[in-house]
$ cat final-v5.tsv   # TSV, C-alpha atoms
chain	number	residue	atom	x	y	z
A	1	MET	CA	24.47	15.03	21.98
A	2	ARG	CA	20.84	14.12	21.24
A	3	LYS	CA	20.07	10.55	20.28
A	4	HIS	CA	18.61	10.21	16.80
A	5	ILE	CA	15.73	8.08	15.48
A	6	LEU	CA	15.70	8.04	11.69
A	7	ILE	CA	12.64	6.80	9.79
A	8	ALA	CA	12.80	6.08	6.06
A	9	GLY	CA	9.40	6.64	4.46
A	10	SER	CA	6.26	8.67	5.16
A	11	GLY	CA	3.60	6.20	4.11
A	12	PHE	CA	1.14	4.63	6.54
A	13	ALA	CA	3.85	2.80	8.50
A	14	GLY	CA	6.36	5.64	8.46
A	15	THR	CA	3.89	8.31	9.49
A	16	TRP	CA	2.56	6.29	12.41
A	17	ALA	CA	6.06	5.22	13.42
A	18	ALA	CA	7.01	8.89	13.69
A	19	ILE	CA	3.96	9.83	15.77
A	20	SER	CA	4.33	6.81	18.04
A	21	ALA	CA	8.04	7.45	18.58
A	22	ALA	CA	7.32	11.08	19.45
A	23	ARG	CA	4.62	9.95	21.89
A	24	ALA	CA	7.04	7.59	23.65
A	25	VAL	CA	9.74	10.24	23.92
A	26	THR	CA	7.19	12.67	25.36
A	27	LEU	CA	5.90	10.10	27.86
A	28	ALA	CA	9.46	9.69	29.12
A	29	GLY	CA	9.93	13.47	29.29
A	30	LYS	CA	13.03	13.28	27.10
A	31	GLU	CA	12.17	15.53	24.17
A	32	ALA	CA	15.43	17.41	24.66
A	33	GLU	CA	17.43	14.19	24.49
A	34	VAL	CA	15.98	12.46	21.41
A	35	ALA	CA	15.48	13.82	17.89
A	36	ILE	CA	13.23	12.13	15.33
A	37	THR	CA	13.63	12.60	11.56
A	38	VAL	CA	11.48	11.27	8.73
A	39	VAL	CA	13.17	11.08	5.34
A	40	SER	CA	10.95	10.94	2.25
A	41	PRO	CA	10.74	12.81	-1.06
A	42	SER	CA	7.95	15.04	0.28
A	43	ALA	CA	5.99	15.39	3.50
A	44	ASN	CA	2.95	13.62	2.13
A	45	LEU	CA	1.14	10.37	2.87
A	46	VAL	CA	-0.10	8.83	-0.37
A	47	ILE	CA	-3.45	7.04	0.05
A	48	ARG	CA	-2.45	4.10	-2.15
A	49	PRO	CA	-5.56	1.97	-1.49
A	50	ARG	CA	-7.64	4.54	-3.42
A	51	LEU	CA	-5.44	5.09	-6.46
A	52	TYR	CA	-7.62	2.86	-8.65
A	53	GLU	CA	-10.42	5.45	-8.41
A	54	ALA	CA	-11.40	7.76	-11.26
A	55	VAL	CA	-11.01	10.91	-9.16
A	56	ILE	CA	-7.65	11.05	-7.42
A	57	GLU	CA	-7.87	14.36	-5.60
A	58	ASP	CA	-6.73	14.55	-1.95
A	59	MET	CA	-4.79	11.31	-2.31
A	60	ASN	CA	-1.57	12.72	-0.86
A	61	PRO	CA	-2.41	14.76	2.26
A	62	ASP	CA	0.31	17.05	3.57
A	63	ILE	CA	1.64	15.72	6.88
A	64	LYS	CA	4.19	18.48	7.54
A	65	PRO	CA	1.87	20.33	9.98
A	66	LEU	CA	1.24	17.03	11.79
A	67	LEU	CA	4.95	16.22	12.06
A	68	ASP	CA	5.66	19.75	13.29
A	69	ALA	CA	2.91	19.41	15.91
A	70	VAL	CA	4.42	16.25	17.39
A	71	GLY	CA	8.01	17.47	17.20
A	72	VAL	CA	9.26	15.40	14.27
A	73	GLN	CA	11.52	16.85	11.59
A	74	HIS	CA	10.93	16.04	7.93
A	75	MET	CA	13.92	15.89	5.58
A	76	PRO	CA	13.11	15.94	1.85
A	77	GLY	CA	15.12	13.22	0.15
A	78	THR	CA	15.43	9.50	-0.42
A	79	VAL	CA	17.45	6.98	1.55
A	80	THR	CA	19.61	5.25	-1.04
A	81	GLU	CA	22.07	3.31	1.10
A	82	ILE	CA	21.96	1.68	4.54
A	83	ARG	CA	25.21	1.08	6.43
A	84	PRO	CA	24.22	-0.99	9.48
A	85	GLU	CA	27.71	-1.42	10.90
A	86	ALA	CA	28.31	2.35	10.84
A	87	HIS	CA	24.78	3.21	12.07
A	88	GLN	CA	24.48	5.42	9.05
A	89	VAL	CA	22.36	5.94	5.93
A	90	VAL	CA	22.97	7.96	2.79
A	91	VAL	CA	20.25	10.36	1.72
A	92	ALA	CA	19.93	11.66	-1.83
A	93	LYS	CA	18.55	15.20	-1.62
A	94	ALA	CA	16.52	16.98	-4.27
A	95	ASP	CA	19.57	18.98	-5.40
A	96	GLY	CA	21.39	15.74	-6.19
A	97	LYS	CA	23.74	15.84	-3.23
A	98	ALA	CA	24.30	12.64	-1.23
A	99	VAL	CA	24.33	13.27	2.51
A	100	PRO	CA	25.35	10.71	5.17
A	101	MET	CA	23.15	10.69	8.28
A	102	HIS	CA	23.86	8.99	11.60
A	103	TYR	CA	21.19	7.15	13.55
A	104	ASP	CA	20.95	5.52	16.95
A	105	LYS	CA	17.75	3.73	15.90
A	106	PHE	CA	16.65	3.26	12.30
A	107	VAL	CA	13.12	2.39	11.18
A	108	LEU	CA	12.78	1.14	7.62
A	109	ALA	CA	9.28	2.04	6.44
A	110	ALA	CA	10.00	2.35	2.74
A	111	GLY	CA	6.94	0.39	1.65
A	112	SER	CA	6.58	-1.75	-1.44
A	113	GLN	CA	6.75	-1.44	-5.19
A	114	LEU	CA	4.83	-3.06	-8.01
A	115	PHE	CA	6.14	-6.43	-9.18
A	116	THR	CA	7.20	-6.01	-12.80
A	117	PRO	CA	8.57	-9.22	-14.33
A	118	PRO	CA	10.50	-9.11	-17.63
A	119	ILE	CA	7.45	-9.44	-19.87
A	120	PRO	CA	8.07	-8.00	-23.35
A	121	GLY	CA	6.33	-4.64	-23.68
A	122	LEU	CA	5.29	-4.35	-20.02
A	123	GLN	CA	7.27	-1.20	-19.29
A	124	GLU	CA	6.35	0.51	-22.54
A	125	HIS	CA	2.70	-0.36	-22.98
A	126	SER	CA	1.04	-0.86	-19.58
A	127	PHE	CA	-0.35	1.42	-16.91
A	128	ASN	CA	-0.65	0.84	-13.17
A	129	VAL	CA	-2.00	2.46	-10.02
A	130	ASP	CA	0.93	1.65	-7.74
A	131	GLN	CA	1.91	5.26	-7.04
A	132	LEU	CA	0.16	8.60	-7.44
A	133	GLU	CA	2.11	9.58	-10.54
A	134	ASN	CA	1.17	6.24	-12.15
A	135	ALA	CA	-2.51	6.75	-11.33
A	136	ARG	CA	-2.36	10.20	-12.89
A	137	LYS	CA	-0.87	8.76	-16.08
A	138	LEU	CA	-3.70	6.23	-16.29
A	139	GLU	CA	-6.26	8.97	-15.65
A	140	ALA	CA	-4.80	11.12	-18.44
A	141	HIS	CA	-4.71	8.15	-20.81
A	142	ILE	CA	-8.36	7.22	-20.19
A	143	ASN	CA	-9.41	10.85	-20.64
A	144	SER	CA	-7.58	10.92	-23.99
A	145	LEU	CA	-9.42	7.91	-25.42
A	146	SER	CA	-12.34	10.00	-26.68
A	147	ALA	CA	-9.99	11.66	-29.18
A	148	ARG	CA	-9.12	8.33	-30.78
A	149	THR	CA	-10.84	6.68	-33.71
A	150	PRO	CA	-13.63	4.46	-32.35
A	151	THR	CA	-12.39	0.87	-32.51
A	152	GLN	CA	-12.83	-2.22	-30.38
A	153	ALA	CA	-9.24	-1.78	-29.14
A	154	ARG	CA	-10.04	1.74	-27.94
A	155	ASN	CA	-13.09	0.46	-26.09
A	156	THR	CA	-11.28	-2.43	-24.38
A	157	VAL	CA	-9.35	-2.45	-21.12
A	158	VAL	CA	-7.36	-5.49	-19.98
A	159	ILE	CA	-6.53	-5.72	-16.28
A	160	ALA	CA	-3.74	-8.18	-15.49
A	161	GLY	CA	-4.19	-9.73	-12.06
A	162	SER	CA	-7.21	-10.29	-9.82
A	163	GLY	CA	-5.82	-9.33	-6.45
A	164	LEU	CA	-7.62	-6.67	-4.44
A	165	THR	CA	-6.36	-3.82	-6.62
A	166	GLY	CA	-7.21	-5.62	-9.84
A	167	ILE	CA	-10.73	-6.40	-8.65
A	168	GLU	CA	-11.42	-2.85	-7.50
A	169	ALA	CA	-10.00	-1.37	-10.70
A	170	ALA	CA	-12.08	-3.74	-12.82
A	171	ALA	CA	-15.34	-3.03	-11.02
A	172	ASP	CA	-14.80	0.70	-11.48
A	173	MET	CA	-13.50	0.66	-15.06
A	174	ARG	CA	-16.67	0.41	-17.15
A	175	GLY	CA	-18.02	3.51	-15.46
A	176	ARG	CA	-14.75	5.34	-16.12
A	177	LEU	CA	-14.87	4.47	-19.80
A	178	GLN	CA	-18.52	5.43	-20.16
A	179	ALA	CA	-17.84	8.78	-18.51
A	180	VAL	CA	-15.26	9.52	-21.22
A	181	LEU	CA	-16.66	7.71	-24.28
A	182	GLY	CA	-20.36	7.95	-23.60
A	183	ASP	CA	-22.74	5.02	-23.71
A	184	VAL	CA	-21.08	3.43	-26.73
A	185	ALA	CA	-21.52	-0.19	-27.71
A	186	GLY	CA	-18.71	-2.66	-27.34
A	187	ILE	CA	-17.04	-1.49	-24.11
A	188	ARG	CA	-15.11	-4.44	-22.68
A	189	VAL	CA	-13.30	-4.79	-19.36
A	190	ILE	CA	-11.36	-8.05	-19.17
A	191	VAL	CA	-9.53	-9.42	-16.12
A	192	VAL	CA	-6.72	-11.85	-16.91
A	193	GLU	CA	-5.76	-14.22	-14.09
A	194	GLN	CA	-3.18	-16.99	-14.41
A	195	ALA	CA	-4.79	-19.04	-11.60
A	196	LEU	CA	-7.74	-21.24	-12.45
A	197	THR	CA	-10.21	-19.00	-10.60
A	198	ILE	CA	-10.74	-15.29	-10.28
A	199	ALA	CA	-9.52	-13.83	-6.97
A	200	PRO	CA	-7.71	-17.03	-5.91
A	201	HIS	CA	-6.58	-15.43	-2.63
A	202	LEU	CA	-10.17	-15.13	-1.39
A	203	SER	CA	-12.33	-17.72	0.35
A	204	ALA	CA	-14.88	-19.57	-1.74
A	205	ALA	CA	-17.72	-17.54	-0.21
A	206	ALA	CA	-16.00	-14.21	-0.83
A	207	ARG	CA	-15.00	-15.26	-4.34
A	208	ALA	CA	-18.60	-16.05	-5.19
A	209	VAL	CA	-19.60	-12.52	-4.17
A	210	VAL	CA	-16.81	-11.01	-6.28
A	211	GLU	CA	-17.77	-13.08	-9.32
A	212	GLU	CA	-21.40	-12.02	-8.99
A	213	ALA	CA	-20.49	-8.37	-8.59
A	214	LEU	CA	-18.00	-8.22	-11.45
A	215	THR	CA	-20.39	-10.03	-13.77
A	216	GLU	CA	-23.10	-7.52	-12.94
A	217	CYS	CA	-20.58	-4.74	-13.62
A	218	GLY	CA	-19.98	-6.17	-17.08
A	219	VAL	CA	-16.49	-7.52	-16.44
A	220	GLU	CA	-15.20	-10.56	-18.33
A	221	PHE	CA	-12.72	-13.12	-16.97
A	222	LYS	CA	-9.87	-14.97	-18.63
A	223	VAL	CA	-8.57	-17.48	-16.06
A	224	GLY	CA	-5.82	-20.05	-16.34
A	225	ALA	CA	-3.89	-17.74	-18.66
A	226	ALA	CA	-1.01	-15.35	-18.09
A	227	VAL	CA	0.07	-12.28	-20.03
A	228	VAL	CA	3.20	-13.23	-21.97
A	229	SER	CA	3.72	-10.08	-24.05
A	230	MET	CA	2.10	-6.79	-24.96
A	231	ASN	CA	2.44	-4.09	-27.57
A	232	GLU	CA	0.61	-0.98	-28.74
A	233	HIS	CA	-2.13	-3.16	-30.21
A	234	GLY	CA	-2.92	-5.37	-27.21
A	235	VAL	CA	-1.84	-8.35	-25.11
A	236	GLU	CA	-0.90	-11.93	-25.88
A	237	LEU	CA	-1.88	-14.63	-23.40
A	238	SER	CA	-0.20	-17.93	-22.60
A	239	SER	CA	-3.26	-19.62	-24.12
A	240	GLY	CA	-2.29	-18.16	-27.49
A	241	GLU	CA	-5.15	-15.66	-27.53
A	242	PHE	CA	-4.43	-12.07	-28.51
A	243	ILE	CA	-6.73	-9.38	-27.09
A	244	GLU	CA	-6.81	-6.11	-28.99
A	245	CYS	CA	-6.82	-3.18	-26.57
A	246	ASN	CA	-5.36	0.27	-26.12
A	247	THR	CA	-5.38	0.13	-22.31
A	248	ILE	CA	-3.55	-2.44	-20.20
A	249	VAL	CA	-3.53	-2.09	-16.41
A	250	TRP	CA	-0.92	-4.18	-14.60
A	251	THR	CA	-1.85	-5.10	-11.00
A	252	ALA	CA	0.06	-8.35	-10.49
A	253	GLY	CA	1.35	-8.06	-6.95
A	254	ALA	CA	3.99	-6.16	-4.97
A	255	ARG	CA	7.47	-6.67	-3.58
A	256	ALA	CA	9.20	-5.06	-0.63
A	257	HIS	CA	11.17	-1.91	-1.40
A	258	ALA	CA	14.67	-2.63	-2.71
A	259	LEU	CA	16.21	-1.02	0.39
A	260	ALA	CA	15.17	-4.06	2.40
A	261	ALA	CA	17.79	-6.10	0.54
A	262	GLN	CA	20.55	-3.92	2.04
A	263	ILE	CA	19.79	-5.09	5.57
A	264	PRO	CA	21.33	-8.41	6.60
A	265	GLY	CA	19.05	-11.15	7.80
A	266	GLU	CA	16.42	-13.54	6.51
A	267	HIS	CA	14.07	-12.31	3.79
A	268	ASP	CA	10.87	-13.94	2.54
A	269	ARG	CA	9.89	-14.52	-1.09
A	270	LEU	CA	8.42	-11.00	-1.28
A	271	GLY	CA	11.71	-9.44	-0.16
A	272	ARG	CA	10.42	-8.60	3.33
A	273	LEU	CA	12.74	-8.85	6.30
A	274	VAL	CA	11.81	-11.40	8.92
A	275	ALA	CA	11.10	-9.47	12.11
A	276	ASP	CA	10.89	-10.53	15.72
A	277	ALA	CA	7.87	-9.73	17.88
A	278	CYS	CA	9.16	-6.21	18.59
A	279	LEU	CA	9.87	-5.63	14.87
A	280	HIS	CA	13.65	-5.69	15.07
A	281	ALA	CA	15.25	-6.84	11.85
A	282	GLN	CA	16.60	-10.16	13.07
A	283	GLY	CA	20.37	-10.32	13.41
A	284	THR	CA	20.87	-6.55	13.05
A	285	ALA	CA	21.34	-4.13	15.91
A	286	ASP	CA	19.22	-0.99	16.21
A	287	ILE	CA	17.18	-1.47	13.01
A	288	PHE	CA	13.42	-1.89	13.02
A	289	VAL	CA	11.34	-2.88	10.01
A	290	THR	CA	7.70	-2.04	9.55
A	291	GLY	CA	4.88	-1.91	7.03
A	292	ASP	CA	5.42	-3.63	3.69
A	293	VAL	CA	9.09	-4.43	4.36
A	294	ALA	CA	8.34	-6.51	7.48
A	295	ARG	CA	7.33	-10.16	7.71
A	296	ALA	CA	5.78	-10.20	11.15
A	297	PRO	CA	3.38	-12.66	12.82
A	298	THR	CA	0.01	-11.15	13.68
A	299	ASP	CA	-0.90	-13.91	16.14
A	300	ASP	CA	0.18	-17.34	17.37
A	301	LEU	CA	-1.84	-19.21	14.73
A	302	GLY	CA	0.61	-18.88	11.85
A	303	ASN	CA	-0.79	-15.70	10.27
A	304	PHE	CA	1.48	-12.91	9.09
A	305	ALA	CA	0.90	-9.24	8.31
A	306	LEU	CA	-0.01	-8.49	4.72
A	307	MET	CA	1.12	-5.64	2.51
A	308	SER	CA	-1.85	-3.43	3.38
A	309	CYS	CA	-2.53	-0.16	5.17
A	310	GLN	CA	-4.61	-2.18	7.66
A	311	HIS	CA	-1.44	-3.82	8.93
A	312	ALA	CA	1.00	-1.01	8.13
A	313	MET	CA	-0.61	1.45	10.52
A	314	SER	CA	-0.35	-0.90	13.51
A	315	LEU	CA	3.10	-2.09	12.49
A	316	GLY	CA	4.22	1.53	12.32
A	317	ARG	CA	2.91	2.33	15.79
A	318	VAL	CA	4.79	-0.63	17.30
A	319	ALA	CA	8.07	-0.05	15.44
A	320	GLY	CA	8.12	3.66	16.24
A	321	HIS	CA	7.32	3.12	19.91
A	322	ASN	CA	9.94	0.41	20.31
A	323	ALA	CA	12.66	2.39	18.54
A	324	ALA	CA	12.08	5.22	21.02
A	325	ALA	CA	11.50	2.95	24.01
A	326	GLU	CA	14.98	1.48	23.71
A	327	LEU	CA	16.43	4.99	23.99
A	328	VAL	CA	14.24	6.31	26.81
A	329	ASP	CA	13.86	3.17	28.94
A	330	LEU	CA	10.19	2.42	28.36
A	331	PRO	CA	8.78	-1.12	28.04
A	332	LEU	CA	8.74	-2.59	24.55
A	333	TYR	CA	5.56	-3.85	22.89
A	334	SER	CA	5.12	-7.03	20.91
A	335	TYR	CA	3.25	-6.60	17.64
A	336	ARG	CA	-0.08	-8.42	17.61
A	337	GLN	CA	-3.00	-7.80	15.27
A	338	PRO	CA	-5.23	-10.89	15.39
A	339	LYS	CA	-8.33	-9.27	13.85
A	340	TYR	CA	-8.17	-9.34	10.06
A	341	VAL	CA	-10.80	-7.93	7.73
A	342	THR	CA	-11.17	-7.41	4.01
A	343	CYS	CA	-13.22	-4.53	2.64
A	344	LEU	CA	-13.36	-4.59	-1.14
A	345	ASP	CA	-14.99	-1.95	-3.32
A	346	LEU	CA	-17.04	-3.51	-6.12
A	347	GLY	CA	-18.06	-0.45	-8.11
A	348	PRO	CA	-21.76	0.20	-8.74
A	349	TRP	CA	-22.63	-3.24	-7.30
A	350	GLY	CA	-21.52	-2.14	-3.84
A	351	ALA	CA	-18.75	-3.70	-1.77
A	352	LEU	CA	-17.73	-6.81	0.16
A	353	TYR	CA	-16.70	-6.93	3.82
A	354	THR	CA	-15.28	-10.10	5.37
A	355	GLU	CA	-13.98	-10.90	8.83
A	356	GLY	CA	-11.30	-13.35	9.94
A	357	TRP	CA	-8.44	-14.99	8.11
A	358	ASP	CA	-10.99	-17.45	6.70
A	359	GLN	CA	-12.79	-14.44	5.17
A	360	GLN	CA	-16.32	-15.00	6.36
A	361	VAL	CA	-18.71	-12.74	4.46
A	362	SER	CA	-20.24	-10.24	6.89
A	363	LEU	CA	-21.57	-7.38	4.72
A	364	VAL	CA	-22.31	-6.95	1.02
A	365	ARG	CA	-23.63	-4.34	-1.39
A	366	GLU	CA	-24.53	-0.92	0.08
A	367	ASP	CA	-23.96	-1.91	3.72
A	368	ALA	CA	-20.39	-2.87	2.90
A	369	LYS	CA	-20.00	0.14	0.59
A	370	SER	CA	-20.90	2.51	3.43
A	371	LEU	CA	-18.24	0.94	5.65
A	372	LYS	CA	-15.70	1.02	2.83
A	373	ARG	CA	-16.26	4.76	2.37
A	374	GLU	CA	-15.80	5.32	6.10
A	375	ILE	CA	-12.52	3.39	6.10
A	376	THR	CA	-11.00	4.91	2.97
A	377	THR	CA	-12.09	8.53	3.42
A	378	LYS	CA	-11.68	8.89	7.18
A	379	TRP	CA	-10.03	6.08	9.14
A	380	ILE	CA	-6.85	5.71	7.09
A	381	TYR	CA	-6.20	9.43	6.69
A	382	PRO	CA	-3.66	11.05	9.04
A	383	PRO	CA	-5.01	12.78	12.14
A	384	ALA	CA	-5.34	16.52	12.48
A	385	PRO	CA	-2.15	18.42	13.37
A	386	ASP	CA	-2.98	18.41	17.06
A	387	ARG	CA	-0.31	16.92	19.33
A	388	GLU	CA	-2.57	15.52	22.04
A	389	ALA	CA	-5.16	14.18	19.61
A	390	ALA	CA	-2.47	12.45	17.53
A	391	PHE	CA	-0.81	10.94	20.60
A	392	ALA	CA	-4.18	9.64	21.80
A	393	VAL	CA	-4.35	7.24	18.83
A	394	ALA	CA	-0.62	6.53	18.49
A	395	ASN	CA	-0.14	4.07	21.32
A	396	PRO	CA	1.30	0.81	20.02
A	397	ASP	CA	-1.72	-1.33	20.93
A	398	PHE	CA	-4.27	1.01	19.33
A	399	VAL	CA	-6.31	-0.79	16.66
A	400	ILE	CA	-9.28	0.51	14.69
A	401	VAL	CA	-11.98	-2.15	14.80
A	402	PRO	CA	-14.87	-1.85	12.28
$ encode --input "final-v5.tsv" --output "C-alpha cells"
Amino acid sequence: MRKHILIAGSGFAGTWAAISAARAVTLAGKEAEVAITVVSPSANLVIRPRLYEAVIEDMNPDIKPLLDAVGVQHMPGTVTEIRPEAHQVVVAKADGKAVPMHYDKFVLAAGSQLFTPPIPGLQEHSFNVDQLENARKLEAHINSLSARTPTQARNTVVIAGSGLTGIEAAADMRGRLQAVLGDVAGIRVIVVEQALTIAPHLSAAARAVVEEALTECGVEFKVGAAVVSMNEHGVELSSGEFIECNTIVWTAGARAHALAAQIPGEHDRLGRLVADACLHAQGTADIFVTGDVARAPTDDLGNFALMSCQHAMSLGRVAGHNAAAELVDLPLYSYRQPKYVTCLDLGPWGALYTEGWDQQVSLVREDAKSLKREITTKWIYPPAPDREAAFAVANPDFVIVP
C-alpha cells in the first residue's frame, strides 16, 4: 500500500509544501510508493497580500494544472477534525459528506484568520480584506457609495488597526473613494490605532516614512484609542469620540487557524503550534506545521517567522520536504530564514522597503514601489505548471532574495 502525505490547505505554505514533497519523492525515485494529497475548498492559491487593492482580479490563480504536473492530487473539501492518535483527519466535502482520511505524514498548512474580538457591531457593520470573498464585499460596498445621499458619513472611511494591511489599505483608500465619488469635498480616511503611535510594530525610521506618506495621501490618525463599538452610523472610540462613517474596515491582526488547537503541544498567544527546527509539531508524531500555524525560529538570534507569505513559502518548502523525507529516507532540513525584509505599499506616495529585523530603510517612493510590484505580481505567484521548473525552485533551502 502506498504511503500517504496529506496537506491541509493550498495557500502559500500548502502549495509549496506539496511541490517540495513531490520533489523529494521524485528525487528518491519512489513516486509509486508515496501519494500526496492537498485538501482545500478549491485548487486555488489566494494572493492575500494584495486583497486591500481596488482591483482584485487574478487574486486566486488556479493551481490544479501545477499540482497535476508534479503528481499531487487535489481533494475539494475542508479538514474539520484531526485525530493524531489514529493518523486520521475528517474532511467535509462540498456535498456535505464527512469523509475520514488516513495519513502517514500530515502537514497542517491551514493558514490564519482575522482576529475578531467581541466588539458590539463588529460582525454586522465592518468590512475586511482577510479573504477574497471579504475583499469582494468591500469592493461592492465602496462601488455602491455613489448611490447614497452625499453626507460626511458616506465620504468617511475608518480603518481599525495600523499593521501592514491597515497601512496599505489606508494609503490606497482615498483614491478608491475618489474613483467612485469623484473629486468631492470632505473625503476622510481615518486610521484608528490603540497604541500611542501609528504603525507601532515598525522601527522609528520606517514609522517616520509611513507617517510622511500617509499624511501626503490625506490620511488622518487617531492614536491611543481603540474601537469599542460600531453601528450603521459609525464607530465609538475608547476616548469617547464618535466618528460618523458608512465604511469601517477592520484590520486588527490575525490568529492561527482553529485547526491548530486540535493538535496537542505548546501553542503561542496567536494560537500557533511551537515547532522544532524541522517543523514537527512538538510532542506529536508524524505531524508537521507550516505557514501561519507554525511558531518557528528563523535564526539563532531569537527571531521567529511571522504570519506572512515571505515566511510561509519557505516554511512550506521545508515542511513538505521533511514530511516526504521521513518516508523515503532522505536527509531532513532545518528551517532557517535569517534575511527579513518589509515591503509596504504606500499608495500614490510610493512604497517603503526595509531590510533586517531592525527594519533599516533601504528604498522609498518609486524605487520601493517598483520592487513591491515585482514581488506581489510575480515572485509570490505560483510557478508555471511545468514539473522540472517547479522542482527547480522547490528545494527546502531556496529563498528569494530581493
$ closest_residue --input "final-v5.tsv" --among "A:Glu139, A:Asp286, A:Glu236, A:Glu33" --to "A:His87" --atoms "only C-alpha atoms"
A:Asp286
$ axis_aligned_box --input "final-v5.tsv" --around "stretch 293-304 of chain A" --padding-each-side "3 Å" --output "lines of an AutoDock Vina configuration file"
center_x = 3.6
center_y = -11.8
center_z = 10.9
size_x = 16.9
size_y = 20.8
size_z = 19.0
$ atom_distance --input "final-v5.tsv" --atom1 "atom CA of A:Ala256" --atom2 "atom CA of A:Cys278"
19.3 Å
$ atom_distance --input "final-v5.tsv" --atom1 "atom CA of A:Ala135" --atom2 "atom CA of A:Ala171"
16.1 Å
$ atom_distance --input "final-v5.tsv" --atom1 "atom CA of A:Asp130" --atom2 "atom CA of A:Leu114"
6.1 Å
$ decode --input "final-v5.tsv" --residues "stretch 181-195 of chain A" --atoms "N, CA, C and O atoms" --output "PDB file, in the first residue's frame"
ATOM      1  N   LEU A 181     -16.699  58.372  -6.124  1.00  0.00           N
ATOM      2  CA  LEU A 181     -17.482  59.553  -5.772  1.00  0.00           C
ATOM      3  C   LEU A 181     -17.118  60.786  -6.586  1.00  0.00           C
ATOM      4  O   LEU A 181     -17.853  61.781  -6.566  1.00  0.00           O
ATOM      5  N   GLY A 182     -15.986  60.731  -7.261  1.00  0.00           N
ATOM      6  CA  GLY A 182     -15.497  61.920  -7.930  1.00  0.00           C
ATOM      7  C   GLY A 182     -14.682  62.759  -6.954  1.00  0.00           C
ATOM      8  O   GLY A 182     -14.482  62.404  -5.794  1.00  0.00           O
ATOM      9  N   ASP A 183     -14.249  63.902  -7.413  1.00  0.00           N
ATOM     10  CA  ASP A 183     -13.397  64.764  -6.585  1.00  0.00           C
ATOM     11  C   ASP A 183     -14.256  65.640  -5.679  1.00  0.00           C
ATOM     12  O   ASP A 183     -14.287  66.869  -5.778  1.00  0.00           O
ATOM     13  N   VAL A 184     -14.992  64.975  -4.778  1.00  0.00           N
ATOM     14  CA  VAL A 184     -15.884  65.690  -3.874  1.00  0.00           C
ATOM     15  C   VAL A 184     -15.112  66.186  -2.660  1.00  0.00           C
ATOM     16  O   VAL A 184     -14.067  65.635  -2.284  1.00  0.00           O
ATOM     17  N   ALA A 185     -15.627  67.229  -2.047  1.00  0.00           N
ATOM     18  CA  ALA A 185     -15.001  67.753  -0.836  1.00  0.00           C
ATOM     19  C   ALA A 185     -15.382  66.880   0.354  1.00  0.00           C
ATOM     20  O   ALA A 185     -16.438  66.253   0.379  1.00  0.00           O
ATOM     21  N   GLY A 186     -14.509  66.856   1.331  1.00  0.00           N
ATOM     22  CA  GLY A 186     -14.847  66.204   2.588  1.00  0.00           C
ATOM     23  C   GLY A 186     -14.539  64.733   2.679  1.00  0.00           C
ATOM     24  O   GLY A 186     -14.960  64.074   3.639  1.00  0.00           O
ATOM     25  N   ILE A 187     -13.803  64.157   1.708  1.00  0.00           N
ATOM     26  CA  ILE A 187     -13.401  62.751   1.840  1.00  0.00           C
ATOM     27  C   ILE A 187     -12.420  62.622   2.997  1.00  0.00           C
ATOM     28  O   ILE A 187     -11.442  63.363   3.092  1.00  0.00           O
ATOM     29  N   ARG A 188     -12.697  61.675   3.893  1.00  0.00           N
ATOM     30  CA  ARG A 188     -11.829  61.444   5.045  1.00  0.00           C
ATOM     31  C   ARG A 188     -11.476  59.958   5.129  1.00  0.00           C
ATOM     32  O   ARG A 188     -12.354  59.095   5.021  1.00  0.00           O
ATOM     33  N   VAL A 189     -10.207  59.675   5.342  1.00  0.00           N
ATOM     34  CA  VAL A 189      -9.736  58.326   5.641  1.00  0.00           C
ATOM     35  C   VAL A 189      -9.029  58.417   6.986  1.00  0.00           C
ATOM     36  O   VAL A 189      -8.054  59.153   7.127  1.00  0.00           O
ATOM     37  N   ILE A 190      -9.541  57.681   7.968  1.00  0.00           N
ATOM     38  CA  ILE A 190      -9.046  57.799   9.336  1.00  0.00           C
ATOM     39  C   ILE A 190      -8.558  56.442   9.825  1.00  0.00           C
ATOM     40  O   ILE A 190      -9.309  55.457   9.797  1.00  0.00           O
ATOM     41  N   VAL A 191      -7.317  56.381  10.257  1.00  0.00           N
ATOM     42  CA  VAL A 191      -6.769  55.159  10.853  1.00  0.00           C
ATOM     43  C   VAL A 191      -6.853  55.284  12.372  1.00  0.00           C
ATOM     44  O   VAL A 191      -6.384  56.271  12.955  1.00  0.00           O
ATOM     45  N   VAL A 192      -7.461  54.278  12.999  1.00  0.00           N
ATOM     46  CA  VAL A 192      -7.571  54.234  14.451  1.00  0.00           C
ATOM     47  C   VAL A 192      -6.595  53.187  14.980  1.00  0.00           C
ATOM     48  O   VAL A 192      -6.624  52.030  14.549  1.00  0.00           O
ATOM     49  N   GLU A 193      -5.725  53.595  15.884  1.00  0.00           N
ATOM     50  CA  GLU A 193      -4.705  52.711  16.442  1.00  0.00           C
ATOM     51  C   GLU A 193      -4.693  52.862  17.956  1.00  0.00           C
ATOM     52  O   GLU A 193      -4.568  53.962  18.477  1.00  0.00           O
ATOM     53  N   GLN A 194      -4.827  51.732  18.673  1.00  0.00           N
ATOM     54  CA  GLN A 194      -4.888  51.823  20.128  1.00  0.00           C
ATOM     55  C   GLN A 194      -3.533  52.095  20.764  1.00  0.00           C
ATOM     56  O   GLN A 194      -3.461  52.595  21.891  1.00  0.00           O
ATOM     57  N   ALA A 195      -2.429  51.794  20.059  1.00  0.00           N
ATOM     58  CA  ALA A 195      -1.104  52.156  20.569  1.00  0.00           C
ATOM     59  C   ALA A 195      -0.933  53.674  20.484  1.00  0.00           C
ATOM     60  O   ALA A 195      -1.722  54.386  19.865  1.00  0.00           O
TER      61      ALA A 195
END
